Structure formats: structure tokens, C-alpha cells
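Trainee: Structure incoming, see below.
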Amino acid sequence: MAGPAWAGREVTGTVVDAATGEPVAGAIVLVGEGNAETAADGTFAIAELPFGRLDVLVVADGYGAFFGAARIGAALTIRLGPDSTGEVIEVVGHAPSGPPLHLGADEIRAMPGSGNDALRALQSLPGVARTPFGLGGLSLRGTAPRDTNVYLDGIEVPLLYHFGGLASFLPTGAVDELTLQPGGASTRYGRGLGGVAVISSRTGRRDRWRAGGEVSLIHAAALAEGPGPGGGGWLIGFRRSYFDAIIAAAGIDLSLVPRYMDAQVRWESGDGRWTALAFASDDKLRLIHDPSDGDTGGLDTSNLERFDYTSRFARLGLRYRAVHGATAVTIVPSAGIDDVRGRALHRGLDKGIHRWSVPVALRADVATPFAGGTIAVGLDSQVTRHAYDMLNTPPPTPLDPSPDMPVARALTRWAPDLGLWAEQSWFFDSDRIEVRPGVRTDYLGLPGTWSLDPRLMVGERLPHGIRLEQSLGVYHAPPLVTDFDPIFGDRVMLSSKAYEAALGIKTILGDAHELSATVYYQDLRDLPVDAISAATPLSDNGGSESGGLLAVSRELVDEQFGAYSYREAIGKGRAYGVELIARRSAGRLTGWLAYTFARSLRFNPTRDDGWLPYVLDQPHSFTALASVTVGRWRFGGRIRGVTGTPFTPAIGSTYDPDEDEYIAIDGPLLSERLPTFFQLDLRIDKVWHRPWGGLVLYLDVQNVTNRANAEGITYNEDFSVRSYTRGLPVFPSIGVEYLP
């Protein structure tokens with residue numbers, strides 16, 4: 001017979017005076033939703049806690065508040081410094097329920113198929129669509145990747161993955177925990193229809209300076225941490241890939257040369273109140289010559305095809321957290337720059353596009369007792385300077401039919417975005433029932449529109465550790481194309497809108513087993529769709545309804561570069577499904593079984609084809625992932641099976657003698673699918689523990705069976721023979737990581 005559902009899941013510790021080391025009695029300790037008061041010797045224990053990262057808050061009369069984090073099984077020593085305000089602090093109320101899917105850094109690091117990368121692990125979770133070649137981008141519950149928002153310590157991240165999805169912008173060594181909410185996000189988050197990914201970076205150690213790093217087949221990374229001012233800690237990291245250096249040194253003739261690098265600097269004060277954070281990412285991709293031209297030194301521009309792509313961003317932010325009486329305050333100002341550009345030289349014509357922006361943001365929230373519960377109110381504002389220019393790129397729109405085209409177009413504009421939100425939380429029946437209504441309003445500067453989003457969450461704790469959660473809400477996302485558009489002229493589009501409902505059930509069995517199921521439905525309105533048929537047939541990758549690799553790629557780069565077909569916000573969508581996961585989170589054997597049934601459909605009123613599958617519609621997705629520790633060794637594997645994405649087939653062709661080419665004839669739109677995707681990944685780790693740190697040797701092999709998965713469709717010259725664009729072959733990732 002199993003023990004109590006919550007037995008054994010506890011956090012223990014001791015609270016002491018930072019100056020004298022004497023125990024602090026009577027301190028109030030909050031860990032997640034649990035709380036306790038320290039005994040005469042300063043000790044405490046809080047049980048019945050959920051899995052995952054838990055926020056820790058400690059307050060005591062005469063001392064400053066302490067902020068931190070912990071996980072199940074932690075034994076903490078918390079040192080309190082003097083309170084400069086002299087206030088007596090009393091904490092009341094309850095923390096709202098957290099996102100449903102949590103991954104800790106240690107769990108991520110050994111995850112098979114992730115290539116030792118923290119954020120790529122998200123793609124193994126239910127509710128996340130698979131993208132071709134692992135290109136990155138999070139498509140959650142049938143929404144576009146641009147509709148998912150990502151935050152690092154309260155700062156919004158513009159781009160989650162480096163080019164090609166080979167790595168995320170933040171190395172695993174800098175990550176403390178990763179949480180994912182595929183839908184039903186709180187009013188704290190807006191300007192997105194999909195879900196929210198929240199990343200918590202790791203606090204640097206404060207006892208002495210240490211340095212570590214990683215060397216793999218694709219990149220090298222260095223990480224240093226040590227004491228800082230205010231009794232705090234530094235964490236400094238840098239990583240760079242070296243595809244380009246290897247290719248140059250070996251003299252290899254490769255047409256596509258990618259390179260990425262990123263950097264992070266983090267400081268946190270000793271009491272956890274202040275956190276300063278800076279992070280940056282820089283990607284470059286170069287097509288150095290026409291792959292069909294074997295002469296790499298040829299200077300004939302009629303045969304030279306060169307393409308340069310650059311995507312970089314940087315953010316600098318500061319977070320302040322404090323408790324005054326029964327009121328908690330968090331303030332996060334930040335500023336940054338985004339720079340995306342592409343330039344191509346083809347047949348002597350130099351074409352290019354450059355888009356950059358400078359966002360200055362402020363997120364702040366206050367939580368305090370109100371009306372028998374706890375109310376949280378917040379500000380989510382941003383002012384952005386947008387700039388956009390194009391070189392020798394004609395506008396493919398009937399709004400400008402003149403063949404005379406300026407050599408360059410440029411626009412610059414300031415746009416304020418303002419979000420205000422409020423969320424009330426009540427607990428009833430001895431805290432067994434939680435009711436959390438909220439409302440959010442947003443002003444979007446570019447289109448000049450307001451939106452109002454009411455939302456409601458209800459949670460119930462049932463016997464045997466079972467929890468039910470229901471959510472209902474309205475969500476808005478900024479328009480893809482607005483009046484700030486150098487291609488299509490001055491016009492305003494509506495924001496996209498979603499009505500979302502979900503019902504979830506979750507239970508934790510024993511100390512390590514978790515079962516959950518979620519049913520959801522989304523009604524999507526005012527989606528951007530192609531309003532004018534493409535000049536080329538859809539089956540020849542002529543538009544968003546072509547499906548396959550190109551249409552999916554468009555969904556991934558829309559937010560960076562904008563749209564290159566004439567679109568209007570007149571589309572509709574439906575998304576519904578069931579997400580199941582059985583997970584073991586502790587012990588020698590960890591992992592999960594996850595299955596998702598999901599449908600995502602779209603309706604374009606400019607076409608007569610009715611409801612069609614979304615280009616990332618994947619009805620069935622299954623993941624089995626497990627890792628087992630045997631002494632110093634850890635062995636793991638992952639199996640993934642996913643329904644192929646839809647595409648529009650070519651059913652024939654006609655010959656155009658004037659252009660001397662064949663023109664495809666479209667079949668029914670998005671009526672066929674690529675074959676089912678299947679992949680087996682294996683991973684082996686060995687750890688050596690030494691007094692100076694730990695050394696980890698890992699081998700992570702993706703697609704062990706070398707299965708030739710189909711990622712797209714291509715045709716011969718007259719469209720009579722179809723072939724598949726194949727995915728990545730067997731791909732080993734070998735590396736050594738030093739953990740200080």
C-alpha cells in the first residue's frame with residue numbers, strides 16, 4: 001500500500017544571523033505554498049511540497065527579507081542580515097499555483113536527445129509541436145511560434161534558439177529551472193496567444209571563485225562564478241560555435257556556413273533582493289557560393305549566389321524584490337537592442353533587408369492582502385524604436401503596381417506598448433479550493449489599439465493528492481503586419497485574439513510519480529492570412545498554404561523579418577486536444593511517457609476550401625524518455641513519434657513556352673501529409689567527482705537508427721516525380737563538461 005501522497009517531499013533548513021551565526025527563532029519561512037516558523041535552534045521543516053523549483057521567502061523581526069529558491073530534499077542554511085527599515089514583517093496570503101511543467105537544470109543536463117542544451121528539452125514536453133530539422137521556435141497548442149512568449153528572470157527574450165535550433169540562447173550551466181505553460185497563462189503575461197516559457201537563471205556561488213566549461217563537437221563554453229559585492233554572487237558565461245573555424249581551417253567547400261555565440265553576466269545580492277542581468281546572442285549564416293558551381297574562386301557574378309544572414313540581440317536588466325509589511329513588490333526595468341538583417345547577391349543584383357529595434361521595458365507588480373484574499377496588480381510596459389529598411393526588394397502588392405521601384409525604402413517609428421493587469425486570489429474550504437479571477441488591458445503602439453482580456457482560474461485539491469484546475473480566458477497578440485510596413489504601405493491590422501478553455505487533473509503518487517491530463521479548446525480570431533493568391537502555385541512553395549518545409553519556415557521567421565505576402569487579419573482558427581504525461585521525477589530512474597492528441601485548423605475567407613489543417617498540425621505525438629544512474633554512469637534514451645505535417649501536392653503541370661518552364665497544377669490544399677516522423681536518441685554520461693569539482697563526459701547521439709525522416713517536398717522539373725527533403729542523419733554530440 002502506497003504511503004500518503006505528499007509524504008517525504010520536504011525542504012529543511014536553519015535560519016541564522018549573518019553576522020553572529022546565532023540561530024534566529026520565530027522566523028517565518030515560506031517555501032512554495034508551504035510555510036513554517038523556525039524553532040528555538042533556528043531549524044524548520046516544510047513537507048507536502050510539489051516537485052520543481054520552489055521560491056523561498058524568509059522574514060523575521062529586525063532582519064531584512066531573504067529571497068531564494070530550493071527543490072525537494074534541500075537542506076538550507078539561510079543567513080539573515082539587518083533590516084535597515086526597522087519594520088516588523090508579517091506575511092499573509094498564498095502563492096498562486098505555478099506553471100504545470102517544470103524541468104530542473106540537473107534533469108535537463110542528462111536528458112537524451114537534447115544535445116546537452118536546456119531549452120531544446122522543451123520540445124520533449126506535451127503540447128509542443130515538432131518543427132522541421134529541430135529548427136527551434138515553440139509552437140504551443142496549435143498556435144504560431146510567434147505567439148509564445150519567453151522570459152528570463154522577468155525579462156522578455158526575443159529569440160529562444162540560435163539559427164537552426166542547434167542550441168538555445170542560454171547554456172544549461174546558467175539555468176536553474178525551466179517552466180512551461182502551454183496555455184491558460186495568468187494575466188501577468190500578455191501580447192501572445194500560445195503559452196509562456198519562464199526561465200530562471202542560476203545564482204553564482206558566493207564562497208570562492210570557480211571556473212568550468214564545456215567542449216563539444218559544435219561549440220565551446222566557459223562559465224565562472226564567485227563572490228560579489230553586497231555578499232552576493234557573480235555568474236559569467238560565454239559560448240561560441242566553431243563550424244566556421246573548422247571549415248576554414250580544413251579548406252572544406254561548404255555552401256552553408258553557420259556560426260553562433262552568446263554571453264551572460266548575472267549578479268545577485270546576498271539577500272536575494274537585487275539581481276542585475278545582461279545577456280546577448282549573435283547568429284550569422286553565410287551562403288558563400290552557388291552549390292552547383294564547383295569553382296569556389298569564380299568571380300563571375302552571373303554564377304555567384306551569396307546570402308548573409310545576421311540575427312543578434314542583447315538585454316540589460318535589473319530586478320528588485322522586497323517585502324514591506326504584508327506587501328510584496330517586484331520591479332524589473334530592462335533595455336536592449338534587436339538587429340536582424342539579410343542580404344543576397346544574385347545575378348549581379350544586391351538585395352537586402354534590415355530590421356532593428358531598441359526596446360525599453362518596465363515590468364512591476366505588487367501583491368497584498370485584499371478582500372479576504374490576495375490581490376496582485378502589475379504594469380507591463382515597453383517603448384520601442386523600430387527601424388526597417390530594404391534594398392532593391394520590390395513590393396509584391398497591387399497597392400503599388402508601378403514597375404518603377406526606389407532602390408531603397410526605410411521607415412523609423414517609436415511605439416509605446418502598455419499593459420495593466422490585476423489578479424485576485426481567494427482560498428476556501430481550508431485552502432482546498434482556489435479561485436483566481438483576473439483582467440488585463442493592453443495598448444499596442446504600432447496599430448494604436450486597446451484590448452481587454454478577462455481570465456479565470458479555479459483549482460481544487462481533492463483527496464489522495466489529486467488536483468483539478470480549470471482555466472478560461474481571452475488573449476490578444478500584436479498584429480503581424482501593421483501600418484509600419486515598408487512593403488505594403490500605410491494600413492492597420494487588428495490584433496489576433498483567442499478564447500481559451502482548459503481542464504486539467506494532476507496527481508502525485510508516493511515521492512516521485514506524477515500523472516496529469518489536460519483537455520483544451522481554443523477559438524482563434526483575426527489571424528493574419530494571405531489575402532491575395534500567390535503568383536506561383538501553392539504546391540511549388542508559393543504561399544502559406546503550401547505546407548511543408550517552406551511554409552513552416554515562414555512561421556518561424558515572421559516575427560523577425562515580417563511578412564512578404566499581402567496579408568489581412570481576417571483568418572479564423574480552432575485548436576483542441578488532450579495532453580497526457582506520466583512522469584518519475586526522482587530516484588535512480590527518471591523520465592516520462594507523454595502523448596498528445598492535437599488538432600489545429602485554419603479558415604481563410606478569401607479561399608473556397610473551408611477549414612484546413614494548420615501547417616504545423618500534428619494530430620498524434622508520442623515521447624518516451626528515461627534515464628538511469630548506475631554508479632558513476634548514467635544511461636538514457638528517447639523515442640519520439642509524430643504525425644507528419646500537411647502539404648499541398650502538385651497533381652500535374654503545364655508548360656509555359658515564353659518562360660521555358662513548367663508550371664505546377666495544385667491538388668487539394670493541404671490534403672496530404674509527410675510520412676510519420678520517428679527518431680531514437682541515446683545518451684551516455686560518466687561523472688568523475690574530485691575535490692576541485694566534477695568532470696562529465698557525455699555522448700548524446702540523435703537519430704541513432706539514421707532514419708531518413710521526411711521534412712519537405714521537392715519535385716523534378718516538370719513536377720512528375722516527387723521526392724522528400726530528408727531530415728538530419730545520425731548526429732552525435734560528444735563533449736566534456738567541467739562542473740565547479
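So you can find residues: chains in the C-alpha cells are A, B, ... in the order shown, residues in each start at 1, and ligands are numbered from 1 in order.
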Write out as JSON, numbers by chain which residues come within 10 Å of Leu462 in chain A when counting only C-alpha atoms, dropping same-chain ones fewer than 4 positions away.
Mentor: {"A": [432, 433, 466, 467, 468, 507]}
Trainee: Neighbouring residues of range 216-224 of chain A were defined as those with any atom within 7 Å, considering only C-alpha atoms; residues of the same chain fewer than 3 positions away were excluded. Please report them as a CSV table (one decimal) with N, CA and C atoms, in the first residue's frame.
Mentor:
chain,number,residue,atom,x,y,z
A,210,ARG,N,35.2,30.0,-8.9
A,210,ARG,CA,35.3,28.7,-9.6
A,210,ARG,C,35.1,29.0,-11.1
A,211,ALA,N,35.7,28.1,-11.9
A,211,ALA,CA,35.5,28.2,-13.3
A,211,ALA,C,35.2,26.8,-13.9
A,212,GLY,N,34.4,26.7,-14.9
A,212,GLY,CA,34.0,25.5,-15.5
A,212,GLY,C,33.8,25.7,-17.0
A,213,GLY,N,33.4,24.7,-17.7
A,213,GLY,CA,33.2,24.9,-19.1
A,213,GLY,C,32.8,23.6,-19.8
A,235,LEU,N,27.8,35.3,-11.8
A,235,LEU,CA,27.8,34.2,-12.7
A,235,LEU,C,28.1,34.7,-14.1
A,236,ILE,N,29.2,34.3,-14.8
A,236,ILE,CA,29.6,34.8,-16.0
A,236,ILE,C,29.8,33.7,-17.0
A,237,GLY,N,29.2,33.8,-18.2
A,237,GLY,CA,29.3,32.7,-19.2
A,237,GLY,C,29.5,33.2,-20.6
A,238,PHE,N,30.2,32.4,-21.4
A,238,PHE,CA,30.4,32.7,-22.8
A,238,PHE,C,30.5,31.4,-23.6
A,239,ARG,N,29.9,31.4,-24.8
A,239,ARG,CA,29.9,30.2,-25.6
A,239,ARG,C,30.0,30.6,-27.1
A,240,ARG,N,30.7,29.8,-27.9
A,240,ARG,CA,30.8,30.1,-29.3
A,240,ARG,C,30.9,28.8,-30.0
A,241,SER,N,30.2,28.7,-31.1
A,241,SER,CA,30.3,27.5,-32.0
A,241,SER,C,31.5,27.7,-32.9
A,242,TYR,N,32.0,26.6,-33.5
A,242,TYR,CA,33.2,26.8,-34.4
A,242,TYR,C,33.0,26.0,-35.7
A,243,PHE,N,31.8,25.9,-36.2
A,243,PHE,CA,31.7,25.3,-37.5
A,243,PHE,C,32.5,26.1,-38.5
A,733,SER,N,26.6,14.1,-30.6
A,733,SER,CA,27.1,15.3,-29.8
A,733,SER,C,28.0,14.7,-28.7
A,734,ILE,N,29.3,15.0,-28.8
A,734,ILE,CA,30.3,14.5,-27.8
A,734,ILE,C,30.9,15.7,-27.1
A,735,GLY,N,31.0,15.6,-25.8
A,735,GLY,CA,31.6,16.7,-25.1
A,735,GLY,C,32.1,16.4,-23.7
A,736,VAL,N,32.9,17.3,-23.2
A,736,VAL,CA,33.4,17.2,-21.8
A,736,VAL,C,32.9,18.5,-21.1
Trainee: Tell me, as a PyMOL selection string, which residues lie within 9 Å of range 442-449 of chain A, counting only C-alpha atoms; anything in the same chain fewer than 4 positions away does not count.
Mentor: chain A and resi 190-191+380-381+383-384+413-421+453+476+478-479+482-484+491-495
Trainee: Just write the chosen residues, N, CA and C atoms, as a PDB file, in the first residue's frame.
Mentor:
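That gives us part_20.pdb:
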ATOM      1  N   GLY A 190       0.971  38.843 -21.297  1.00  0.00           N
ATOM      2  CA  GLY A 190       0.091  39.250 -22.382  1.00  0.00           C
ATOM      3  C   GLY A 190       0.835  39.318 -23.695  1.00  0.00           C
ATOM      4  N   ARG A 191       0.149  39.859 -24.708  1.00  0.00           N
ATOM      5  CA  ARG A 191       0.706  40.023 -26.055  1.00  0.00           C
ATOM      6  C   ARG A 191       1.176  38.688 -26.622  1.00  0.00           C
ATOM      7  N   ASP A 380       3.086  46.238 -17.244  1.00  0.00           N
ATOM      8  CA  ASP A 380       3.899  45.547 -18.247  1.00  0.00           C
ATOM      9  C   ASP A 380       4.019  46.488 -19.442  1.00  0.00           C
ATOM     10  N   SER A 381       5.018  47.365 -19.425  1.00  0.00           N
ATOM     11  CA  SER A 381       5.112  48.426 -20.428  1.00  0.00           C
ATOM     12  C   SER A 381       6.414  48.322 -21.210  1.00  0.00           C
ATOM     13  N   VAL A 383       8.521  50.699 -24.487  1.00  0.00           N
ATOM     14  CA  VAL A 383       8.618  51.700 -25.546  1.00  0.00           C
ATOM     15  C   VAL A 383       9.718  51.245 -26.493  1.00  0.00           C
ATOM     16  N   THR A 384       9.405  51.167 -27.782  1.00  0.00           N
ATOM     17  CA  THR A 384      10.342  50.596 -28.749  1.00  0.00           C
ATOM     18  C   THR A 384      10.553  51.550 -29.918  1.00  0.00           C
ATOM     19  N   ARG A 413      10.144  54.453 -36.475  1.00  0.00           N
ATOM     20  CA  ARG A 413       8.982  54.855 -35.690  1.00  0.00           C
ATOM     21  C   ARG A 413       9.154  54.439 -34.237  1.00  0.00           C
ATOM     22  N   TRP A 414       8.647  55.294 -33.339  1.00  0.00           N
ATOM     23  CA  TRP A 414       8.568  54.958 -31.924  1.00  0.00           C
ATOM     24  C   TRP A 414       7.185  54.416 -31.625  1.00  0.00           C
ATOM     25  N   ALA A 415       7.097  53.411 -30.764  1.00  0.00           N
ATOM     26  CA  ALA A 415       5.798  52.824 -30.434  1.00  0.00           C
ATOM     27  C   ALA A 415       5.764  52.446 -28.958  1.00  0.00           C
ATOM     28  N   PRO A 416       4.806  52.989 -28.199  1.00  0.00           N
ATOM     29  CA  PRO A 416       4.648  52.579 -26.806  1.00  0.00           C
ATOM     30  C   PRO A 416       3.645  51.432 -26.677  1.00  0.00           C
ATOM     31  N   ASP A 417       3.986  50.419 -25.904  1.00  0.00           N
ATOM     32  CA  ASP A 417       3.061  49.336 -25.556  1.00  0.00           C
ATOM     33  C   ASP A 417       2.852  49.379 -24.046  1.00  0.00           C
ATOM     34  N   LEU A 418       1.603  49.366 -23.626  1.00  0.00           N
ATOM     35  CA  LEU A 418       1.280  49.475 -22.211  1.00  0.00           C
ATOM     36  C   LEU A 418       0.334  48.366 -21.808  1.00  0.00           C
ATOM     37  N   GLY A 419       0.725  47.599 -20.794  1.00  0.00           N
ATOM     38  CA  GLY A 419      -0.131  46.554 -20.254  1.00  0.00           C
ATOM     39  C   GLY A 419      -0.368  46.769 -18.771  1.00  0.00           C
ATOM     40  N   LEU A 420      -1.630  46.689 -18.341  1.00  0.00           N
ATOM     41  CA  LEU A 420      -2.001  46.791 -16.935  1.00  0.00           C
ATOM     42  C   LEU A 420      -2.819  45.565 -16.571  1.00  0.00           C
ATOM     43  N   TRP A 421      -2.534  44.963 -15.418  1.00  0.00           N
ATOM     44  CA  TRP A 421      -3.256  43.757 -15.059  1.00  0.00           C
ATOM     45  C   TRP A 421      -3.527  43.704 -13.558  1.00  0.00           C
ATOM     46  N   ASP A 453      -8.703  41.665 -21.672  1.00  0.00           N
ATOM     47  CA  ASP A 453      -8.630  40.207 -21.534  1.00  0.00           C
ATOM     48  C   ASP A 453      -9.031  39.774 -20.127  1.00  0.00           C
ATOM     49  N   HIS A 476      -4.823  38.288 -26.447  1.00  0.00           N
ATOM     50  CA  HIS A 476      -4.564  39.061 -27.658  1.00  0.00           C
ATOM     51  C   HIS A 476      -3.076  39.033 -27.989  1.00  0.00           C
ATOM     52  N   PRO A 478      -0.075  40.990 -30.753  1.00  0.00           N
ATOM     53  CA  PRO A 478       0.123  42.094 -31.697  1.00  0.00           C
ATOM     54  C   PRO A 478      -0.051  41.627 -33.132  1.00  0.00           C
ATOM     55  N   PRO A 479      -0.521  42.510 -34.023  1.00  0.00           N
ATOM     56  CA  PRO A 479      -0.663  42.125 -35.434  1.00  0.00           C
ATOM     57  C   PRO A 479       0.688  41.860 -36.066  1.00  0.00           C
ATOM     58  N   THR A 482       1.572  45.814 -39.545  1.00  0.00           N
ATOM     59  CA  THR A 482       0.836  46.997 -39.124  1.00  0.00           C
ATOM     60  C   THR A 482       1.086  48.120 -40.116  1.00  0.00           C
ATOM     61  N   ASP A 483       0.715  49.329 -39.705  1.00  0.00           N
ATOM     62  CA  ASP A 483       0.966  50.480 -40.577  1.00  0.00           C
ATOM     63  C   ASP A 483       2.462  50.735 -40.731  1.00  0.00           C
ATOM     64  N   PHE A 484       3.286  50.128 -39.863  1.00  0.00           N
ATOM     65  CA  PHE A 484       4.730  50.243 -40.002  1.00  0.00           C
ATOM     66  C   PHE A 484       5.197  49.131 -40.932  1.00  0.00           C
ATOM     67  N   ARG A 491      -1.261  51.008 -43.457  1.00  0.00           N
ATOM     68  CA  ARG A 491      -2.506  50.343 -43.151  1.00  0.00           C
ATOM     69  C   ARG A 491      -2.420  49.793 -41.742  1.00  0.00           C
ATOM     70  N   VAL A 492      -3.550  49.482 -41.152  1.00  0.00           N
ATOM     71  CA  VAL A 492      -3.607  48.998 -39.785  1.00  0.00           C
ATOM     72  C   VAL A 492      -4.319  47.660 -39.759  1.00  0.00           C
ATOM     73  N   MET A 493      -3.737  46.681 -39.078  1.00  0.00           N
ATOM     74  CA  MET A 493      -4.379  45.389 -38.901  1.00  0.00           C
ATOM     75  C   MET A 493      -4.824  45.232 -37.462  1.00  0.00           C
ATOM     76  N   LEU A 494      -5.818  44.389 -37.254  1.00  0.00           N
ATOM     77  CA  LEU A 494      -6.298  44.099 -35.917  1.00  0.00           C
ATOM     78  C   LEU A 494      -5.340  43.158 -35.199  1.00  0.00           C
ATOM     79  N   SER A 495      -5.388  43.191 -33.870  1.00  0.00           N
ATOM     80  CA  SER A 495      -4.667  42.202 -33.086  1.00  0.00           C
ATOM     81  C   SER A 495      -5.355  40.851 -33.228  1.00  0.00           C
TER      82      SER A 495
END
Trainee: Between A:Leu140, A:Val730, A:Leu101, A:Leu125, which is the closest to Ser600 in chain A once you count only C-alpha atoms?
Mentor: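 Of all the options, A:Leu140 lies closest to Ser600 in chain A.
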Trainee: Give me, as a PyMOL selection string, all polymer residues having an atom no more than 6 Å from range 520-525 of chain A, counting only C-alpha atoms and skipping those fewer than 3 positions away in the same chain.
Mentor: chain A and resi 496-502+572-577
Trainee: Once you have the residues from the selection above, write them out as a PDB file, in the first residue's frame, restricted to N, CA and C atoms.
Mentor:
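Resulting contents of again_4.pdb:
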ATOM      1  N   SER A 496      -4.565  39.783 -33.181  1.00  0.00           N
ATOM      2  CA  SER A 496      -5.150  38.448 -33.147  1.00  0.00           C
ATOM      3  C   SER A 496      -5.749  38.194 -31.769  1.00  0.00           C
ATOM      4  N   LYS A 497      -6.756  37.317 -31.722  1.00  0.00           N
ATOM      5  CA  LYS A 497      -7.488  37.090 -30.482  1.00  0.00           C
ATOM      6  C   LYS A 497      -7.723  35.600 -30.301  1.00  0.00           C
ATOM      7  N   ALA A 498      -7.731  35.155 -29.043  1.00  0.00           N
ATOM      8  CA  ALA A 498      -8.011  33.753 -28.741  1.00  0.00           C
ATOM      9  C   ALA A 498      -8.894  33.658 -27.510  1.00  0.00           C
ATOM     10  N   TYR A 499      -9.916  32.791 -27.604  1.00  0.00           N
ATOM     11  CA  TYR A 499     -10.726  32.415 -26.452  1.00  0.00           C
ATOM     12  C   TYR A 499     -10.289  31.002 -26.068  1.00  0.00           C
ATOM     13  N   GLU A 500      -9.772  30.847 -24.847  1.00  0.00           N
ATOM     14  CA  GLU A 500      -9.164  29.577 -24.464  1.00  0.00           C
ATOM     15  C   GLU A 500      -9.842  28.999 -23.226  1.00  0.00           C
ATOM     16  N   ALA A 501     -10.022  27.683 -23.226  1.00  0.00           N
ATOM     17  CA  ALA A 501     -10.567  26.964 -22.079  1.00  0.00           C
ATOM     18  C   ALA A 501      -9.788  25.674 -21.904  1.00  0.00           C
ATOM     19  N   ALA A 502      -9.525  25.293 -20.656  1.00  0.00           N
ATOM     20  CA  ALA A 502      -8.767  24.069 -20.379  1.00  0.00           C
ATOM     21  C   ALA A 502      -9.224  23.461 -19.060  1.00  0.00           C
ATOM     22  N   LYS A 572      -9.488  32.713 -39.299  1.00  0.00           N
ATOM     23  CA  LYS A 572     -10.012  32.103 -38.088  1.00  0.00           C
ATOM     24  C   LYS A 572      -9.247  30.803 -37.821  1.00  0.00           C
ATOM     25  N   GLY A 573      -9.348  30.338 -36.595  1.00  0.00           N
ATOM     26  CA  GLY A 573      -8.659  29.099 -36.243  1.00  0.00           C
ATOM     27  C   GLY A 573      -9.360  28.363 -35.120  1.00  0.00           C
ATOM     28  N   ARG A 574      -9.114  27.073 -35.053  1.00  0.00           N
ATOM     29  CA  ARG A 574      -9.575  26.228 -33.964  1.00  0.00           C
ATOM     30  C   ARG A 574      -8.420  25.329 -33.551  1.00  0.00           C
ATOM     31  N   ALA A 575      -8.273  25.134 -32.266  1.00  0.00           N
ATOM     32  CA  ALA A 575      -7.260  24.214 -31.761  1.00  0.00           C
ATOM     33  C   ALA A 575      -7.841  23.488 -30.560  1.00  0.00           C
ATOM     34  N   TYR A 576      -7.711  22.169 -30.546  1.00  0.00           N
ATOM     35  CA  TYR A 576      -8.233  21.391 -29.434  1.00  0.00           C
ATOM     36  C   TYR A 576      -7.399  20.127 -29.293  1.00  0.00           C
ATOM     37  N   GLY A 577      -7.410  19.557 -28.087  1.00  0.00           N
ATOM     38  CA  GLY A 577      -6.614  18.352 -27.900  1.00  0.00           C
ATOM     39  C   GLY A 577      -6.604  17.858 -26.474  1.00  0.00           C
TER      40      GLY A 577
END
Trainee: Tell me which of A:Gln424, A:Asn604, A:Thr412, A:Gln123 sits closest to Gly372 in chain A, counting only C-alpha atoms.
Mentor: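 Using only C-alpha atoms, the shortest distance to Gly372 in chain A belongs to A:Gln424.
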